[in-house]
file structure-v8.csv (CSV, C-alpha atoms)
chain,number,residue,atom,x,y,z
I,1,MET,CA,0.0,0.0,0.0
I,2,PRO,CA,1.5,3.4,-0.9
I,3,ALA,CA,2.3,5.8,1.9
I,4,PRO,CA,-0.3,8.6,2.5
I,5,HIS,CA,0.5,12.0,1.1
I,6,PRO,CA,2.0,14.5,3.5
I,7,HIS,CA,-0.1,17.2,5.0
I,8,PRO,CA,-0.7,19.8,2.3
I,9,ASP,CA,0.2,22.7,4.6
I,10,ALA,CA,3.3,21.0,6.0
I,11,ALA,CA,6.5,23.0,6.0
I,12,PRO,CA,9.9,21.5,6.4
I,13,GLY,CA,10.5,20.7,10.1
I,14,ASP,CA,6.8,21.3,10.9
I,15,VAL,CA,5.8,18.9,13.7
I,16,ALA,CA,2.0,19.3,13.2
I,17,PRO,CA,1.7,16.5,10.6
I,18,LEU,CA,3.8,14.2,12.9
I,19,ALA,CA,1.8,15.1,15.9
I,20,GLU,CA,-1.5,14.5,14.1
I,21,ARG,CA,-0.5,11.1,12.7
I,22,LEU,CA,0.9,9.9,15.9
I,23,ARG,CA,-2.2,10.9,17.9
I,24,ALA,CA,-4.4,9.1,15.3
I,25,ARG,CA,-2.5,5.9,16.1
I,26,GLY,CA,-2.6,6.5,19.8
I,27,LEU,CA,1.1,7.3,19.9
I,28,ARG,CA,3.0,10.1,21.7
I,29,LEU,CA,5.0,12.9,20.1
I,30,THR,CA,8.4,12.4,21.6
I,31,THR,CA,11.5,14.6,21.4
I,32,GLN,CA,13.4,11.7,19.7
I,33,ARG,CA,10.8,11.4,17.0
I,34,GLN,CA,10.8,15.1,16.4
I,35,ARG,CA,14.6,15.2,16.3
I,36,VAL,CA,14.9,12.3,13.8
I,37,LEU,CA,12.3,13.9,11.5
I,38,ALA,CA,14.2,17.2,11.7
I,39,ALA,CA,17.5,15.5,10.9
I,40,VAL,CA,15.9,13.8,7.8
I,41,ALA,CA,14.7,17.2,6.6
I,42,THR,CA,18.1,18.8,7.2
I,43,LEU,CA,20.3,16.1,5.7
I,44,GLU,CA,17.9,15.5,2.8
I,45,HIS,CA,19.3,12.1,1.7
I,46,ALA,CA,20.9,10.3,4.7
I,47,THR,CA,21.4,6.8,6.0
I,48,PRO,CA,20.2,5.9,9.5
I,49,GLU,CA,23.8,5.9,10.6
I,50,GLU,CA,24.3,9.4,9.2
I,51,ILE,CA,21.1,10.5,11.0
I,52,ALA,CA,22.3,9.0,14.3
I,53,THR,CA,25.7,10.7,13.9
I,54,ARG,CA,24.0,14.0,13.3
I,55,LEU,CA,21.9,13.6,16.4
I,56,ARG,CA,24.9,12.7,18.5
I,57,GLU,CA,26.8,15.8,17.2
I,58,GLU,CA,23.8,18.0,17.9
I,59,ALA,CA,23.5,16.6,21.5
I,60,GLY,CA,27.2,17.2,22.2
I,61,PRO,CA,29.4,15.2,24.6
I,62,ASP,CA,27.0,15.5,27.6
I,63,GLY,CA,23.7,15.4,25.7
I,64,ALA,CA,21.4,12.4,25.1
I,65,ALA,CA,21.0,11.1,21.6
I,66,PRO,CA,19.1,8.0,20.4
I,67,ASP,CA,21.2,5.0,19.4
I,68,THR,CA,21.2,3.8,15.8
I,69,SER,CA,18.7,1.0,16.5
I,70,THR,CA,16.2,3.7,17.8
I,71,VAL,CA,16.8,5.8,14.7
I,72,TYR,CA,16.0,2.8,12.5
I,73,ARG,CA,12.8,2.1,14.5
I,74,THR,CA,11.8,5.8,14.4
I,75,LEU,CA,12.4,6.0,10.6
I,76,GLU,CA,10.2,2.9,10.1
I,77,LEU,CA,7.4,4.5,12.1
I,78,LEU,CA,7.8,7.9,10.2
I,79,GLU,CA,7.7,6.0,6.9
I,80,ARG,CA,4.5,4.2,7.9
I,81,LEU,CA,3.1,7.6,8.8
I,82,GLY,CA,3.9,8.8,5.3
I,83,LEU,CA,6.3,11.5,6.5
I,84,VAL,CA,9.6,10.0,5.1
I,85,TRP,CA,10.5,7.7,2.3
I,86,HIS,CA,13.5,5.5,1.8
I,87,THR,CA,15.4,4.8,-1.4
I,88,HIS,CA,18.1,2.4,-2.2
I,89,LEU,CA,20.7,4.3,-4.1
I,90,GLY,CA,22.9,1.4,-4.7
I,91,LYS,CA,24.9,-0.7,-2.3
I,92,GLY,CA,24.6,-0.2,1.4
I,93,ALA,CA,21.9,1.2,3.7
I,94,PRO,CA,18.9,3.0,2.2
I,95,VAL,CA,18.7,6.7,2.4
I,96,TYR,CA,15.8,8.6,3.9
I,97,HIS,CA,14.2,11.8,2.8
I,98,ALA,CA,11.2,13.9,3.6
I,99,ALA,CA,8.0,12.9,1.8
I,100,GLU,CA,7.0,16.5,1.3
I,101,HIS,CA,8.4,16.7,-2.2
I,102,PRO,CA,8.1,13.5,-4.2
I,103,HIS,CA,11.1,13.0,-6.4
I,104,LEU,CA,13.2,10.3,-8.0
I,105,HIS,CA,17.0,10.0,-7.7
I,106,VAL,CA,19.7,9.8,-10.3
I,107,VAL,CA,23.0,8.5,-9.0
I,108,CYS,CA,26.4,8.8,-10.7
I,109,ALA,CA,28.1,5.5,-10.7
I,110,SER,CA,31.5,7.3,-11.1
I,111,CYS,CA,31.5,10.0,-8.5
I,112,GLY,CA,28.4,9.0,-6.4
I,113,GLU,CA,26.6,12.3,-6.8
I,114,VAL,CA,22.9,12.1,-6.1
I,115,SER,CA,20.5,14.4,-7.8
I,116,SER,CA,16.8,14.7,-7.3
I,117,VAL,CA,14.6,15.0,-10.4
I,118,ASP,CA,10.9,15.5,-11.0
I,119,PRO,CA,9.1,12.2,-11.0
I,120,ALA,CA,7.1,13.3,-14.1
I,121,LEU,CA,10.3,12.4,-16.0
I,122,LEU,CA,9.1,8.8,-15.8
I,123,ASP,CA,5.5,9.3,-16.6
I,124,GLY,CA,5.8,7.7,-20.0
I,125,ALA,CA,7.5,4.6,-18.6
I,126,ALA,CA,5.0,4.4,-15.7
I,127,GLU,CA,2.1,4.6,-18.2
I,128,ARG,CA,3.6,1.9,-20.3
I,129,LEU,CA,4.3,-0.4,-17.3
I,130,ALA,CA,0.7,0.1,-16.2
I,131,ALA,CA,-0.7,-0.6,-19.7
I,132,ASP,CA,1.5,-3.5,-20.6
I,133,LEU,CA,1.9,-5.2,-17.2
I,134,GLY,CA,-0.6,-3.7,-14.9
I,135,PHE,CA,2.3,-2.6,-12.8
I,136,GLN,CA,2.1,0.6,-10.8
I,137,LEU,CA,5.5,2.3,-10.4
I,138,ASP,CA,6.4,3.9,-7.0
I,139,VAL,CA,8.7,6.7,-8.1
I,140,GLY,CA,9.4,7.6,-4.5
I,141,HIS,CA,11.7,4.6,-4.2
I,142,VAL,CA,13.3,4.9,-7.7
I,143,ALA,CA,17.0,5.4,-8.1
I,144,LEU,CA,18.5,5.5,-11.6
I,145,SER,CA,22.2,4.8,-12.0
I,146,GLY,CA,24.3,6.3,-14.8
I,147,THR,CA,27.1,8.8,-15.3
I,148,CYS,CA,26.7,12.5,-14.6
I,149,ARG,CA,27.6,15.2,-17.1
I,150,ALA,CA,30.8,16.2,-15.1
I,151,CYS,CA,32.1,12.7,-15.1
I,152,ARG,CA,31.3,12.3,-18.8
I,153,ASP,CA,33.0,15.6,-19.6
I,154,ARG,CA,36.1,14.6,-17.6
I,155,ALA,CA,36.2,11.2,-19.4
I,156,GLY,CA,35.9,13.0,-22.8
I,157,SER,CA,38.7,15.4,-22.0
I,158,GLU,CA,41.0,12.5,-20.9
I,159,SER,CA,40.7,10.8,-24.3

call {"tool": "encode", "arguments": {"input": "structure-v8.csv", "output": "structure tokens"}}
result
Amino acid sequence: MPAPHPHPDAAPGDVAPLAERLRARGLRLTTQRQRVLAAVATLEHATPEEIATRLREEAGPDGAAPDTSTVYRTLELLERLGLVWHTHLGKGAPVYHAAEHPHLHVVCASCGEVSSVDPALLDGAAERLAADLGFQLDVGHVALSGTCRACRDRAGSES
């Protein structure tokens, strides 16, 4: 089942959609949940480990920060609530990003640069998949691999 769309009035870092969705499930709005969601919004495309590191840095040496397993559980909850999405950009852990602005990802296999692009770019392919196979594409989880312009230009100049 696709994740619900984010609250139409949600601003980045706005806890209102989080609070509403947690209450609807009988769950509490905790500081850790707020901090994980804020870190996702700030980092844009980050692994759970990167999010945990960010939270430890923000907390400082004497502050409390959730451990990585708590970050994973919180991200799973936030995804079920439709507030974040994960994408596999290649090998390794998935990256998480706010669900406020649906996009797909293009990843350079040479330098690793990740760019976000309008999901409408795949409309034709999505329509064909639906017509030919009855398959509904979830562009929120799509990552396309290739070579970016800068790497292609560098390779061309080295020839």

call {"tool": "atom_distance", "arguments": {"input": "structure-v8.csv", "atom1": "CA of Ala64 (chain I)", "atom2": "CA of Val36 (chain I)"}}
result
13.0 Å

call {"tool": "residues_around", "arguments": {"input": "structure-v8.csv", "residues": "region 96-103 of chain I", "least_positions_apart": "4", "cutoff": "7 Å", "atoms": "all atoms listed in the file", "output": "VMD selection string"}}
result
chain I and resid 6 40 to 41 44 to 47 82 to 87 116 to 119 139 to 140

call {"tool": "atom_distance", "arguments": {"input": "structure-v8.csv", "atom1": "CA of Glu113 (chain I)", "atom2": "CA of Pro48 (chain I)"}}
result
18.6 Å

call {"tool": "residues_near_point", "arguments": {"input": "structure-v8.csv", "point": "(15.4, 13.2, 22.7)", "cutoff": "12 Å", "atoms": "only C-alpha atoms", "output": "PyMOL selection string"}}
result
chain I and resi 29-38+52+55-56+58-59+63-67+70-71+74

call {"tool": "atom_distance", "arguments": {"input": "structure-v8.csv", "atom1": "CA of Lys91 (chain I)", "atom2": "CA of Thr42 (chain I)"}}
result
22.7 Å

call {"tool": "closest_residue", "arguments": {"input": "structure-v8.csv", "among": "I:Leu129, I:Leu27, I:Ala150, I:Val107", "to": "Leu78 (chain I)", "atoms": "all atoms listed in the file"}}
result
I:Leu27

call {"tool": "closest_residue", "arguments": {"input": "structure-v8.csv", "among": "I:Arg149, I:His141, I:Arg154, I:Arg23", "to": "Val95 (chain I)", "atoms": "all atoms listed in the file"}}
result
I:His141

call {"tool": "decode", "arguments": {"input": "structure-v8.csv", "residues": "region 18-45 of chain I", "atoms": "N, CA and C atoms", "output": "PDB file, in the first residue's frame"}}
result
ATOM      1  N   LEU I  18       3.324  15.315  12.023  1.00  0.00           N
ATOM      2  CA  LEU I  18       3.822  14.225  12.854  1.00  0.00           C
ATOM      3  C   LEU I  18       2.925  14.049  14.062  1.00  0.00           C
ATOM      4  N   ALA I  19       2.613  15.135  14.737  1.00  0.00           N
ATOM      5  CA  ALA I  19       1.763  15.060  15.934  1.00  0.00           C
ATOM      6  C   ALA I  19       0.389  14.501  15.586  1.00  0.00           C
ATOM      7  N   GLU I  20      -0.197  14.974  14.493  1.00  0.00           N
ATOM      8  CA  GLU I  20      -1.529  14.505  14.081  1.00  0.00           C
ATOM      9  C   GLU I  20      -1.524  13.006  13.805  1.00  0.00           C
ATOM     10  N   ARG I  21      -0.545  12.560  13.060  1.00  0.00           N
ATOM     11  CA  ARG I  21      -0.508  11.149  12.669  1.00  0.00           C
ATOM     12  C   ARG I  21      -0.182  10.242  13.844  1.00  0.00           C
ATOM     13  N   LEU I  22       0.663  10.706  14.743  1.00  0.00           N
ATOM     14  CA  LEU I  22       0.947   9.902  15.939  1.00  0.00           C
ATOM     15  C   LEU I  22      -0.302   9.782  16.803  1.00  0.00           C
ATOM     16  N   ARG I  23      -0.974  10.901  17.039  1.00  0.00           N
ATOM     17  CA  ARG I  23      -2.196  10.876  17.861  1.00  0.00           C
ATOM     18  C   ARG I  23      -3.254   9.964  17.255  1.00  0.00           C
ATOM     19  N   ALA I  24      -3.382   9.991  15.934  1.00  0.00           N
ATOM     20  CA  ALA I  24      -4.374   9.146  15.259  1.00  0.00           C
ATOM     21  C   ALA I  24      -4.105   7.666  15.516  1.00  0.00           C
ATOM     22  N   ARG I  25      -2.862   7.311  15.813  1.00  0.00           N
ATOM     23  CA  ARG I  25      -2.500   5.916  16.099  1.00  0.00           C
ATOM     24  C   ARG I  25      -2.348   5.656  17.589  1.00  0.00           C
ATOM     25  N   GLY I  26      -2.677   6.656  18.393  1.00  0.00           N
ATOM     26  CA  GLY I  26      -2.573   6.491  19.837  1.00  0.00           C
ATOM     27  C   GLY I  26      -1.144   6.536  20.343  1.00  0.00           C
ATOM     28  N   LEU I  27      -0.261   7.180  19.566  1.00  0.00           N
ATOM     29  CA  LEU I  27       1.148   7.276  19.945  1.00  0.00           C
ATOM     30  C   LEU I  27       1.481   8.698  20.389  1.00  0.00           C
ATOM     31  N   ARG I  28       2.568   8.810  21.145  1.00  0.00           N
ATOM     32  CA  ARG I  28       2.990  10.110  21.657  1.00  0.00           C
ATOM     33  C   ARG I  28       3.982  10.790  20.717  1.00  0.00           C
ATOM     34  N   LEU I  29       3.987  12.117  20.763  1.00  0.00           N
ATOM     35  CA  LEU I  29       4.980  12.913  20.054  1.00  0.00           C
ATOM     36  C   LEU I  29       6.167  13.060  21.003  1.00  0.00           C
ATOM     37  N   THR I  30       7.240  12.341  20.711  1.00  0.00           N
ATOM     38  CA  THR I  30       8.414  12.393  21.582  1.00  0.00           C
ATOM     39  C   THR I  30       9.478  13.297  20.982  1.00  0.00           C
ATOM     40  N   THR I  31      10.372  13.746  21.832  1.00  0.00           N
ATOM     41  CA  THR I  31      11.480  14.575  21.377  1.00  0.00           C
ATOM     42  C   THR I  31      12.334  13.811  20.373  1.00  0.00           C
ATOM     43  N   GLN I  32      12.567  12.519  20.629  1.00  0.00           N
ATOM     44  CA  GLN I  32      13.385  11.740  19.700  1.00  0.00           C
ATOM     45  C   GLN I  32      12.739  11.655  18.322  1.00  0.00           C
ATOM     46  N   ARG I  33      11.438  11.459  18.273  1.00  0.00           N
ATOM     47  CA  ARG I  33      10.751  11.394  16.975  1.00  0.00           C
ATOM     48  C   ARG I  33      10.870  12.725  16.249  1.00  0.00           C
ATOM     49  N   GLN I  34      10.702  13.824  16.983  1.00  0.00           N
ATOM     50  CA  GLN I  34      10.834  15.147  16.385  1.00  0.00           C
ATOM     51  C   GLN I  34      12.251  15.369  15.862  1.00  0.00           C
ATOM     52  N   ARG I  35      13.253  14.962  16.644  1.00  0.00           N
ATOM     53  CA  ARG I  35      14.648  15.170  16.269  1.00  0.00           C
ATOM     54  C   ARG I  35      15.026  14.344  15.044  1.00  0.00           C
ATOM     55  N   VAL I  36      14.551  13.102  14.967  1.00  0.00           N
ATOM     56  CA  VAL I  36      14.854  12.267  13.804  1.00  0.00           C
ATOM     57  C   VAL I  36      14.223  12.873  12.555  1.00  0.00           C
ATOM     58  N   LEU I  37      12.964  13.293  12.639  1.00  0.00           N
ATOM     59  CA  LEU I  37      12.303  13.902  11.483  1.00  0.00           C
ATOM     60  C   LEU I  37      13.022  15.180  11.054  1.00  0.00           C
ATOM     61  N   ALA I  38      13.434  16.000  12.014  1.00  0.00           N
ATOM     62  CA  ALA I  38      14.164  17.232  11.690  1.00  0.00           C
ATOM     63  C   ALA I  38      15.503  16.913  11.022  1.00  0.00           C
ATOM     64  N   ALA I  39      16.189  15.878  11.493  1.00  0.00           N
ATOM     65  CA  ALA I  39      17.478  15.496  10.892  1.00  0.00           C
ATOM     66  C   ALA I  39      17.279  15.018   9.460  1.00  0.00           C
ATOM     67  N   VAL I  40      16.218  14.273   9.209  1.00  0.00           N
ATOM     68  CA  VAL I  40      15.927  13.817   7.843  1.00  0.00           C
ATOM     69  C   VAL I  40      15.728  15.028   6.936  1.00  0.00           C
ATOM     70  N   ALA I  41      14.960  15.994   7.400  1.00  0.00           N
ATOM     71  CA  ALA I  41      14.687  17.191   6.591  1.00  0.00           C
ATOM     72  C   ALA I  41      15.967  17.979   6.337  1.00  0.00           C
ATOM     73  N   THR I  42      16.826  18.076   7.337  1.00  0.00           N
ATOM     74  CA  THR I  42      18.064  18.845   7.207  1.00  0.00           C
ATOM     75  C   THR I  42      19.068  18.155   6.299  1.00  0.00           C
ATOM     76  N   LEU I  43      19.237  16.850   6.471  1.00  0.00           N
ATOM     77  CA  LEU I  43      20.261  16.108   5.726  1.00  0.00           C
ATOM     78  C   LEU I  43      19.818  15.741   4.308  1.00  0.00           C
ATOM     79  N   GLU I  44      18.527  15.747   4.046  1.00  0.00           N
ATOM     80  CA  GLU I  44      17.910  15.477   2.751  1.00  0.00           C
ATOM     81  C   GLU I  44      17.997  14.033   2.286  1.00  0.00           C
ATOM     82  N   HIS I  45      19.163  13.458   2.132  1.00  0.00           N
ATOM     83  CA  HIS I  45      19.310  12.055   1.736  1.00  0.00           C
ATOM     84  C   HIS I  45      20.365  11.446   2.649  1.00  0.00           C
TER      85      HIS I  45
END
